[in-house]
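Visitor: My structure file coords.txt, compact mmCIF, C-alpha atoms, is below:
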```txt
# COMPACT_ATOMS: atom_id res chain seq x y z
CA MET A 272 -21.61 2.23 -6.37
CA SER A 273 -23.46 2.97 -9.60
CA TYR A 274 -25.86 5.49 -8.03
CA GLY A 275 -23.36 8.36 -7.98
CA PRO A 276 -22.12 7.93 -11.56
CA ALA A 277 -25.73 7.59 -12.78
CA ALA A 278 -26.81 10.71 -10.86
CA ASP A 279 -23.84 12.70 -12.20
CA ALA A 280 -24.57 11.49 -15.73
CA GLY A 281 -28.19 12.61 -15.44
CA MET A 282 -29.36 9.00 -15.98
CA ALA A 283 -32.43 9.44 -13.82
CA GLY A 284 -34.12 6.21 -14.93
CA PHE A 285 -31.03 4.09 -14.34
CA ALA A 286 -30.52 5.55 -10.88
CA ALA A 287 -34.20 5.14 -9.98
CA ASP A 288 -34.10 1.50 -11.09
CA LEU A 289 -31.67 0.79 -8.25
CA TRP A 290 -34.65 1.25 -5.92
CA LEU A 291 -37.52 -1.15 -5.37
CA ASP A 292 -40.67 0.27 -6.88
CA ASP A 293 -41.93 1.12 -3.40
CA GLY A 294 -38.51 1.82 -1.89
CA ASP A 295 -37.68 4.94 0.12
CA TYR A 296 -35.03 7.64 -0.05
CA ASP A 297 -35.06 9.51 3.23
CA TRP A 298 -32.91 12.54 2.62
CA ASP A 299 -32.59 15.41 5.08
CA ALA A 300 -32.49 18.15 2.44
CA ASN A 301 -36.13 17.34 1.81
CA GLN A 302 -39.05 18.01 4.10
CA GLN A 303 -40.20 14.39 3.91
CA PRO A 304 -38.77 11.13 2.56
CA PHE A 305 -39.11 10.31 -1.10
CA HIS A 306 -41.36 7.31 -1.50
CA GLY A 307 -41.02 5.10 -4.57
CA ALA A 308 -38.46 4.77 -7.33
CA GLY A 309 -40.50 7.31 -9.30
CA SER A 310 -39.67 10.06 -6.82
CA VAL A 311 -35.94 9.38 -7.19
CA ASP A 312 -36.38 9.64 -10.95
CA GLU A 313 -38.27 12.91 -10.55
CA MET A 314 -35.64 14.42 -8.24
CA LEU A 315 -32.87 13.65 -10.72
CA ARG A 316 -34.86 15.27 -13.54
CA SER A 317 -35.51 18.42 -11.49
CA ASP A 318 -34.09 21.86 -12.26
CA GLY A 319 -32.19 21.70 -8.97
CA HIS A 320 -30.29 18.58 -9.96
CA ARG A 321 -29.77 19.84 -13.51
CA SER A 322 -28.21 23.06 -12.25
CA LEU A 323 -25.80 21.15 -10.01
CA MET A 324 -24.76 19.13 -13.05
CA ALA A 325 -24.33 22.19 -15.25
CA ALA A 326 -21.76 23.70 -12.86
CA GLY A 327 -19.99 20.40 -12.14
CA VAL A 328 -20.87 18.02 -9.32
CA ALA A 329 -19.85 14.63 -7.92
CA HIS A 330 -22.23 12.43 -5.88
CA PHE A 331 -19.46 10.33 -4.38
CA GLY A 332 -20.22 7.22 -2.31
CA GLY A 333 -17.53 5.83 -0.03
CA PRO A 334 -16.76 2.16 0.57
CA LEU A 335 -19.52 0.20 2.26
CA ARG A 336 -19.53 -1.85 5.47
CA ILE A 337 -22.13 -4.46 4.48
CA GLU A 338 -23.90 -7.16 6.47
CA VAL A 339 -25.68 -9.74 4.30
CA ASP A 340 -28.45 -11.89 5.74
CA GLY A 341 -29.87 -14.14 3.01
CA ASP A 342 -31.85 -11.97 0.60
CA ARG A 343 -31.50 -8.88 2.74
CA ALA A 344 -28.51 -6.72 3.44
CA SER A 345 -27.75 -3.51 5.31
CA ALA A 346 -24.77 -1.24 4.95
CA VAL A 347 -23.31 2.05 6.09
CA ASN A 348 -21.07 4.44 4.18
CA TYR A 349 -20.33 8.12 3.68
CA SER A 350 -21.79 10.25 0.90
CA LEU A 351 -19.82 13.30 -0.25
CA ILE A 352 -21.24 15.87 -2.63
CA MET A 353 -18.52 17.98 -4.21
CA ARG A 354 -19.28 21.05 -6.32
CA ARG A 355 -17.07 22.92 -8.73
CA GLU A 356 -16.22 26.57 -7.94
CA ASP A 357 -13.33 28.80 -9.03
CA ARG A 358 -11.46 25.98 -10.76
CA ARG A 359 -11.53 23.87 -7.60
CA TYR A 360 -14.18 21.79 -5.85
CA TYR A 361 -15.70 22.22 -2.43
CA LEU A 362 -17.40 19.76 -0.07
CA TRP A 363 -21.00 20.83 0.05
CA ARG A 364 -22.54 17.88 1.88
CA VAL A 365 -20.87 15.14 3.94
CA SER A 366 -23.44 12.62 5.10
CA ALA A 367 -23.81 9.43 7.06
CA VAL A 368 -25.75 6.90 4.99
CA ARG A 369 -27.59 3.70 5.81
CA TRP A 370 -28.72 1.36 3.06
CA ASP A 371 -31.27 -1.44 3.44
CA LEU A 372 -31.29 -3.72 0.43
CA GLU A 373 -33.29 -6.68 -0.82
CA ARG A 374 -32.48 -9.28 -3.42
CA SER A 375 -35.23 -9.42 -6.00
CA GLU A 376 -34.70 -12.13 -8.63
CA SER A 377 -30.97 -11.91 -9.28
CA ALA A 378 -30.53 -8.21 -8.53
CA TRP A 379 -30.15 -6.25 -5.29
CA ARG A 380 -32.47 -3.29 -4.94
CA VAL A 381 -32.76 -0.47 -2.38
CA ARG A 382 -35.55 -0.84 0.15
CA ARG A 383 -34.50 2.33 1.95
CA ARG A 384 -31.62 4.76 1.87
CA VAL A 385 -31.29 7.27 4.70
CA ASN A 386 -28.87 10.25 4.55
CA ARG A 387 -28.09 12.64 7.40
CA LEU A 388 -25.50 15.40 7.46
CA LEU A 389 -22.56 14.99 9.82
CA ASP A 390 -23.15 18.44 11.25
CA GLU A 391 -23.73 20.32 14.49
CA THR A 392 -27.26 18.86 14.85
CA GLY A 393 -25.76 15.42 15.50
CA ALA A 394 -28.14 13.81 12.99
CA GLY A 395 -25.44 11.99 11.01
CA SER A 396 -23.66 10.87 14.15
CA GLU A 397 -26.92 9.48 15.51
CA LEU A 398 -27.68 7.65 12.27
CA PHE A 399 -24.28 5.90 12.35
CA GLY A 400 -24.72 4.99 16.02
CA THR A 401 -28.16 3.50 15.54
CA ALA A 402 -27.10 1.60 12.43
CA LEU A 403 -23.98 0.07 14.02
CA LYS A 404 -25.94 -1.04 17.10
CA ASP A 405 -28.56 -2.55 14.81
CA LEU A 406 -26.14 -4.29 12.43
CA PHE A 407 -23.62 -5.40 15.07
CA PRO A 408 -25.50 -5.86 18.36
CA GLU A 409 -22.57 -7.84 19.81
CA GLY A 410 -19.84 -5.44 18.69
CA PRO A 411 -17.49 -5.55 15.72
CA THR A 412 -17.11 -8.82 13.81
CA MET B 187 -14.76 0.33 7.30
CA SER B 188 -16.64 0.47 10.60
CA TYR B 189 -13.95 2.49 12.41
CA GLY B 190 -14.98 5.83 10.88
CA PRO B 191 -18.71 5.48 11.49
CA ALA B 192 -18.04 4.29 15.07
CA ALA B 193 -15.67 7.21 15.72
CA ASP B 194 -18.17 9.71 14.29
CA ALA B 195 -20.95 8.18 16.38
CA GLY B 196 -18.88 8.51 19.54
CA MET B 197 -18.98 4.71 20.02
CA ALA B 198 -15.58 4.59 21.66
CA GLY B 199 -15.91 1.02 22.92
CA PHE B 200 -17.01 -0.35 19.55
CA ALA B 201 -14.16 1.39 17.75
CA ALA B 202 -11.61 0.26 20.35
CA ASP B 203 -12.83 -3.35 20.03
CA LEU B 204 -11.57 -3.35 16.44
CA TRP B 205 -8.05 -3.42 17.91
CA LEU B 206 -6.32 -6.34 19.56
CA ASP B 207 -6.01 -5.73 23.28
CA ASP B 208 -2.32 -4.98 22.83
CA GLY B 209 -2.61 -3.46 19.34
CA ASP B 210 -1.09 -0.12 18.35
CA TYR B 211 -2.39 3.08 16.76
CA ASP B 212 0.59 5.08 15.59
CA TRP B 213 -0.83 8.47 14.72
CA ASP B 214 1.31 11.47 13.87
CA ALA B 215 -0.89 14.01 15.66
CA ASN B 216 0.29 12.38 18.89
CA GLN B 217 3.75 12.55 20.40
CA GLN B 218 3.93 8.76 20.66
CA PRO B 219 1.89 5.80 19.40
CA PHE B 220 -1.17 4.71 21.32
CA HIS B 221 -0.61 1.28 22.76
CA GLY B 222 -3.57 -0.95 23.50
CA ALA B 223 -7.23 -0.88 22.60
CA GLY B 224 -7.83 1.05 25.82
CA SER B 225 -5.90 4.05 24.52
CA VAL B 226 -8.09 4.15 21.38
CA ASP B 227 -11.13 4.11 23.65
CA GLU B 228 -9.68 6.92 25.77
CA MET B 229 -8.86 9.08 22.73
CA LEU B 230 -12.42 8.77 21.43
CA ARG B 231 -13.81 9.78 24.84
CA SER B 232 -11.52 12.82 25.07
CA ASP B 233 -12.68 16.44 24.98
CA GLY B 234 -10.77 16.87 21.72
CA HIS B 235 -12.73 14.17 19.93
CA ARG B 236 -15.99 15.32 21.51
CA SER B 237 -15.48 18.86 20.27
CA LEU B 238 -14.81 17.64 16.72
CA MET B 239 -18.09 15.73 16.88
CA ALA B 240 -20.04 18.69 18.24
CA ALA B 241 -19.14 20.85 15.24
CA GLY B 242 -19.55 18.06 12.67
CA VAL B 243 -16.80 15.70 11.53
CA ALA B 244 -16.28 12.70 9.25
CA HIS B 245 -13.47 10.17 9.78
CA PHE B 246 -13.62 8.79 6.27
CA GLY B 247 -11.62 5.72 5.23
CA GLY B 248 -11.01 5.09 1.55
CA PRO B 249 -11.08 1.71 -0.18
CA LEU B 250 -8.37 -0.71 0.90
CA ARG B 251 -5.68 -2.52 -1.08
CA ILE B 252 -5.42 -5.67 1.01
CA GLU B 253 -2.96 -8.58 0.98
CA VAL B 254 -4.15 -11.59 2.99
CA ASP B 255 -1.66 -14.21 4.17
CA GLY B 256 -3.47 -16.86 6.21
CA ASP B 257 -4.47 -15.33 9.53
CA ARG B 258 -2.62 -12.11 8.86
CA ALA B 259 -3.34 -9.31 6.45
CA SER B 260 -1.90 -5.93 5.58
CA ALA B 261 -3.55 -3.09 3.72
CA VAL B 262 -3.09 0.51 2.65
CA ASN B 263 -5.70 3.20 2.19
CA TYR B 264 -6.29 6.93 2.60
CA SER B 265 -7.88 8.53 5.64
CA LEU B 266 -9.67 11.85 5.20
CA ILE B 267 -10.92 13.92 8.11
CA MET B 268 -13.50 16.46 7.04
CA ARG B 269 -14.79 19.17 9.37
CA ARG B 270 -17.86 21.35 9.09
CA GLU B 271 -17.38 25.12 8.77
CA ASP B 272 -19.60 27.86 7.35
CA ARG B 273 -22.18 25.41 5.99
CA ARG B 274 -19.52 23.52 4.06
CA TYR B 275 -16.83 21.01 4.99
CA TYR B 276 -13.07 21.31 4.70
CA LEU B 277 -10.35 18.69 4.45
CA TRP B 278 -8.42 18.96 7.68
CA ARG B 279 -6.24 15.86 7.45
CA VAL B 280 -5.42 13.67 4.43
CA SER B 281 -3.28 10.74 5.51
CA ALA B 282 -1.59 7.65 4.18
CA VAL B 283 -2.57 4.65 6.29
CA ARG B 284 -1.14 1.18 6.76
CA TRP B 285 -3.12 -1.50 8.55
CA ASP B 286 -1.69 -4.76 9.92
CA LEU B 287 -4.43 -7.17 10.91
CA GLU B 288 -4.70 -10.56 12.60
CA ARG B 289 -7.52 -13.08 12.62
CA SER B 290 -8.42 -13.94 16.16
CA GLU B 291 -11.13 -16.63 16.42
CA SER B 292 -13.52 -15.64 13.64
CA ALA B 293 -12.86 -11.89 13.67
CA TRP B 294 -10.12 -9.73 12.20
CA ARG B 295 -8.51 -7.30 14.62
CA VAL B 296 -5.99 -4.48 14.22
CA ARG B 297 -2.44 -5.31 15.28
CA ARG B 298 -1.20 -1.89 14.19
CA ARG B 299 -2.55 1.11 12.33
CA VAL B 300 -0.10 3.79 11.20
CA ASN B 301 -1.24 7.21 9.86
CA ARG B 302 0.98 9.86 8.33
CA LEU B 303 -0.08 13.14 6.71
CA LEU B 304 0.52 13.51 2.97
CA ASP B 305 2.25 16.83 3.53
CA GLU B 306 5.46 18.71 2.85
CA THR B 307 7.40 16.55 5.33
CA GLY B 308 7.06 13.55 3.00
CA ALA B 309 5.95 11.33 5.90
CA GLY B 310 2.80 10.02 4.17
CA SER B 311 4.61 9.50 0.90
CA GLU B 312 7.32 7.50 2.69
CA LEU B 313 4.74 5.38 4.53
CA PHE B 314 3.07 4.41 1.23
CA GLY B 315 6.42 3.65 -0.39
CA THR B 316 7.60 1.43 2.45
CA ALA B 317 4.27 -0.38 2.65
CA LEU B 318 4.05 -1.11 -1.09
CA LYS B 319 7.62 -2.44 -1.17
CA ASP B 320 6.83 -4.61 1.84
CA LEU B 321 3.47 -5.91 0.58
CA PHE B 322 4.47 -6.30 -3.09
CA PRO B 323 8.23 -6.99 -3.20
CA GLU B 324 7.94 -8.19 -6.80
CA GLY B 325 5.79 -5.31 -8.07
CA PRO B 326 2.04 -5.08 -8.63
CA THR B 327 0.02 -8.31 -8.70
CA MET C 255 -6.28 0.74 -5.56
CA SER C 256 -2.49 0.66 -5.56
CA TYR C 257 -2.12 3.31 -8.28
CA GLY C 258 -2.76 6.26 -5.95
CA PRO C 259 -0.43 5.15 -3.15
CA ALA C 260 2.30 4.34 -5.72
CA ALA C 261 1.87 7.74 -7.41
CA ASP C 262 1.98 9.56 -4.06
CA ALA C 263 5.07 7.58 -3.06
CA GLY C 264 6.83 8.53 -6.29
CA MET C 265 7.08 4.84 -7.25
CA ALA C 266 6.84 5.55 -10.95
CA GLY C 267 7.91 2.07 -12.07
CA PHE C 268 5.45 0.31 -9.78
CA ALA C 269 2.57 2.51 -10.95
CA ALA C 270 3.52 2.10 -14.61
CA ASP C 271 3.64 -1.69 -14.19
CA LEU C 272 -0.09 -1.63 -13.50
CA TRP C 273 -0.52 -0.85 -17.22
CA LEU C 274 -0.12 -3.24 -20.11
CA ASP C 275 3.03 -2.36 -22.05
CA ASP C 276 0.87 -0.85 -24.79
CA GLY C 277 -1.93 0.36 -22.51
CA ASP C 278 -3.35 3.89 -22.59
CA TYR C 279 -3.93 6.62 -20.03
CA ASP C 280 -6.27 9.17 -21.55
CA TRP C 281 -6.15 12.11 -19.20
CA ASP C 282 -7.76 15.45 -19.95
CA ALA C 283 -5.00 17.55 -18.41
CA ASN C 284 -2.85 16.42 -21.33
CA GLN C 285 -3.22 17.41 -24.96
CA GLN C 286 -3.28 13.78 -26.06
CA PRO C 287 -3.55 10.38 -24.34
CA PHE C 288 -0.46 8.77 -22.92
CA HIS C 289 0.32 5.62 -24.86
CA GLY C 290 2.28 2.84 -23.20
CA ALA C 291 3.30 2.07 -19.64
CA GLY C 292 6.50 4.01 -20.30
CA SER C 293 4.60 7.27 -20.63
CA VAL C 294 2.94 6.73 -17.23
CA ASP C 295 6.40 6.15 -15.78
CA GLU C 296 7.69 9.32 -17.45
CA MET C 297 4.77 11.45 -16.19
CA LEU C 298 5.35 10.29 -12.61
CA ARG C 299 9.06 11.17 -12.87
CA SER C 300 8.31 14.64 -14.25
CA ASP C 301 9.01 17.91 -12.44
CA GLY C 302 5.26 18.56 -12.39
CA HIS C 303 4.50 15.41 -10.44
CA ARG C 304 7.54 15.91 -8.18
CA SER C 305 6.39 19.41 -7.26
CA LEU C 306 2.91 18.15 -6.36
CA MET C 307 4.53 15.59 -4.07
CA ALA C 308 6.84 18.14 -2.47
CA ALA C 309 3.91 20.27 -1.30
CA GLY C 310 1.72 17.29 -0.29
CA VAL C 311 -0.76 15.53 -2.57
CA ALA C 312 -3.18 12.59 -2.56
CA HIS C 313 -4.21 10.76 -5.73
CA PHE C 314 -7.27 9.18 -4.19
CA GLY C 315 -9.32 6.56 -6.04
CA GLY C 316 -12.88 5.85 -4.90
CA PRO C 317 -14.54 2.45 -4.73
CA LEU C 318 -15.04 0.73 -8.08
CA ARG C 319 -18.19 -0.56 -9.77
CA ILE C 320 -16.66 -3.47 -11.70
CA GLU C 321 -18.05 -5.77 -14.37
CA VAL C 322 -15.90 -8.85 -15.01
CA ASP C 323 -16.23 -10.80 -18.25
CA GLY C 324 -13.71 -13.65 -18.29
CA ASP C 325 -10.24 -12.19 -18.71
CA ARG C 326 -11.54 -8.70 -19.27
CA ALA C 327 -13.16 -6.24 -16.88
CA SER C 328 -14.41 -2.68 -16.94
CA ALA C 329 -15.08 -0.38 -14.04
CA VAL C 330 -16.03 3.17 -13.14
CA ASN C 331 -15.01 5.20 -10.11
CA TYR C 332 -14.15 8.72 -9.00
CA SER C 333 -10.64 10.12 -8.81
CA LEU C 334 -9.96 12.95 -6.35
CA ILE C 335 -6.70 14.86 -6.28
CA MET C 336 -6.22 16.73 -3.01
CA ARG C 337 -3.42 19.22 -2.47
CA ARG C 338 -2.03 20.67 0.74
CA GLU C 339 -2.33 24.42 1.29
CA ASP C 340 -2.33 26.53 4.47
CA ARG C 341 -2.39 23.50 6.78
CA ARG C 342 -5.50 22.13 5.05
CA TYR C 343 -6.14 20.32 1.78
CA TYR C 344 -8.20 21.40 -1.19
CA LEU C 345 -9.89 19.43 -3.94
CA TRP C 346 -8.00 20.30 -7.09
CA ARG C 347 -9.44 17.73 -9.48
CA VAL C 348 -12.60 15.60 -9.19
CA SER C 349 -12.86 13.25 -12.15
CA ALA C 350 -15.03 10.54 -13.61
CA VAL C 351 -12.88 7.52 -14.45
CA ARG C 352 -13.37 4.47 -16.64
CA TRP C 353 -10.99 1.53 -16.41
CA ASP C 354 -10.65 -1.25 -18.99
CA LEU C 355 -8.60 -4.13 -17.67
CA GLU C 356 -7.19 -7.41 -18.98
CA ARG C 357 -5.94 -10.44 -17.16
CA SER C 358 -2.46 -11.30 -18.31
CA GLU C 359 -1.07 -14.48 -16.71
CA SER C 360 -2.30 -14.19 -13.14
CA ALA C 361 -2.35 -10.41 -12.90
CA TRP C 362 -4.85 -7.77 -14.03
CA ARG C 363 -3.38 -4.92 -16.04
CA VAL C 364 -4.81 -1.66 -17.38
CA ARG C 365 -5.65 -1.64 -21.08
CA ARG C 366 -7.02 1.89 -20.85
CA ARG C 367 -7.83 4.42 -18.17
CA VAL C 368 -9.85 7.50 -19.11
CA ASN C 369 -10.27 10.51 -16.75
CA ARG C 370 -12.54 13.48 -17.32
CA LEU C 371 -13.25 16.36 -14.93
CA LEU C 372 -16.77 16.63 -13.55
CA ASP C 373 -16.95 20.26 -14.56
CA GLU C 374 -18.99 22.75 -16.54
CA THR C 375 -17.89 21.22 -19.87
CA GLY C 376 -19.93 18.09 -19.09
CA ALA C 377 -16.98 15.84 -20.02
CA GLY C 378 -17.03 13.79 -16.81
CA SER C 379 -20.79 13.47 -16.86
CA GLU C 380 -20.65 12.23 -20.45
CA LEU C 381 -17.92 9.71 -19.62
CA PHE C 382 -20.03 8.21 -16.82
CA GLY C 383 -23.12 8.10 -19.04
CA THR C 384 -21.36 6.34 -21.89
CA ALA C 385 -19.66 3.87 -19.56
CA LEU C 386 -22.85 2.91 -17.70
CA LYS C 387 -24.73 2.38 -20.98
CA ASP C 388 -21.84 0.25 -22.22
CA LEU C 389 -21.39 -1.81 -19.06
CA PHE C 390 -25.09 -2.17 -18.21
CA PRO C 391 -27.07 -2.03 -21.47
CA GLU C 392 -30.12 -3.48 -19.74
CA GLY C 393 -30.01 -1.22 -16.69
CA PRO C 394 -28.66 -1.85 -13.20
CA THR C 395 -27.91 -5.43 -12.14
```
Mind turning this structure into structure tokens?

Guide:
Amino acid sequence: MSYGPAADAGMAGFAADLWLDDGDYDWDANQQPFHGAGSVDEMLRSDGHRSLMAAGVAHFGGPLRIEVDGDRASAVNYSLIMRREDRRYYLWRVSAVRWDLERSESAWRVRRRVNRLLDETGAGSELFGTALKDLFPEGPT
Amino acid sequence: MSYGPAADAGMAGFAADLWLDDGDYDWDANQQPFHGAGSVDEMLRSDGHRSLMAAGVAHFGGPLRIEVDGDRASAVNYSLIMRREDRRYYLWRVSAVRWDLERSESAWRVRRRVNRLLDETGAGSELFGTALKDLFPEGPT
Amino acid sequence: MSYGPAADAGMAGFAADLWLDDGDYDWDANQQPFHGAGSVDEMLRSDGHRSLMAAGVAHFGGPLRIEVDGDRASAVNYSLIMRREDRRYYLWRVSAVRWDLERSESAWRVRRRVNRLLDETGAGSELFGTALKDLFPEGPT
């Protein structure tokens, strides 16, 4: 829940520190997954991210459905990216997200975050389906 | 929080299993409330739901304000349905939602979910008002 | 999480009671911050708020990142105001929000809520940055 506010504040280092050093951010707007917290930091310092911020943007994360198993946890939620235009905002990206987390010392860190658009390709829908079957093999609890 | 991802993944059975067998889904897009988990399953297998999914859709549920009373609980939140169009998404339905839940063995199940649009009819506004008075008769806690 | 539903239900007194009697609501659509629960009550009884409700509106609050310190707590989240138009909804305001809360008897109340648009002025971005540095001086936890 602090990733979005950090991204929108341009706090690249803070946002990157949510990841394990060798964690992944597998994001469909990119050709291949980001590997390592450093690549998250780099993305948030890029001209692309800076120009989103300059016009007005919100990297909104919805509430999480979390399953905790000792020092590991997995969760699903929605990510919405809203951009300012003509004194309103529009929904640019609406994605299915899966988080895999690990507890390291007292803090939880991201092992892997995967985002897929809920679009006509079915990629987001498939991500949610696979994640729910994986997290809840016996159905809802 | 798993209803939306299950609906968007087309996992009709999983989503329906969140309801009690004889639970209700009272949804204003329908002439009359769905009765029974089976009718939730049927709705999510319908051509209508399938065509939403084919174009890209998100059945997003907002964070819940929950009151737990032993093996029963009630909650309110917002439901947003976003649909893909022209490489963006638009907000098709924004609803007030009330959930009534029961604990059955170790799992919570839906006794009744009621959705009403926050529109010019005032139906969503009235649902929120009635629910807050019912859940918090003495004001906010 | 009950502020939005109360605002959308026109329950001005209920929403105002979430604030401490001398709490603040510092909202950028106004020239100066509201001071006191009474001014929240007054705003929600105004013609402006009533006309939003008549057309259909949602004062949606996103999930909170909360830090609790004894009888005080601070949190950040996003606020989205969605308005009905042409059988859809549009995103009118997307704001960064900081909440400062105090526990008074058994209930949490708002000492101060600050909203700033995530727009080209950078006000929302700055609010998130200041809040995260304040809440997490040593980085994410």

Visitor: Have a look at CA of Ala344 (chain A) and CA of Leu291 (chain A) and let me know their distance in Å, one decimal.

Guide: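 Separating CA of Ala344 (chain A) from CA of Leu291 (chain A) is a distance of 13.8 Å.
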
Visitor: Report as a PyMOL selection string the set of chain A residues whose atoms approach chain C to within 8 Å, with distances computed over only C-alpha atoms.

Guide: chain A and resi 272-273+276-277+279-282+285-286+288-289+324-329+331-334+355+358-361+377-379

Visitor: Hey, can you check how far CA of Asp275 (chain C) sits from CA of Met297 (chain C)?

Guide: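 Distance between the two atoms: 15.1 Å.
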
Visitor: What's the separation between CA of Glu373 (chain A) and CA of Asp342 (chain A), in Å to one decimal place?

Guide: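 So the two atoms, CA of Glu373 (chain A) and CA of Asp342 (chain A), lie 5.7 Å apart.
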
Visitor: May I have the residues within 10 Å of Arg326 (chain C) as a list in words, using only C-alpha atoms and disregarding those fewer than 6 positions away in the same chain?

Guide: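 Once the adjacent positions are removed, what remains is Asp354, Leu355, Glu356, Arg357, Ser358, Trp362, Arg363, Val364 and Arg365 of chain C.
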
Visitor: From the options C:Asp276, C:Gly258, C:Leu389, C:Asp301, which residue's atoms come nearest to Ala329 (chain C), counting all atoms listed in the file?

Guide: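 Closest to Ala329 (chain C) of all the choices is C:Leu389.
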
Visitor: Can you work out which one of A:Val339, A:His330, A:Arg384, A:Arg316 has the shortest atom-to-atom distance to Gly294 (chain A), counting only C-alpha atoms?

Guide: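 Using only C-alpha atoms, Gly294 (chain A) sits closest to A:Arg384.
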
Visitor: Could you give me, as JSON, numbers by chain, the residues that sit within 7 Å of (-40.4, 7.8, 1.3) in the file's coordinates, counting only C-alpha atoms?

Guide: {"A": [295, 296, 297, 304, 305, 306, 307]}
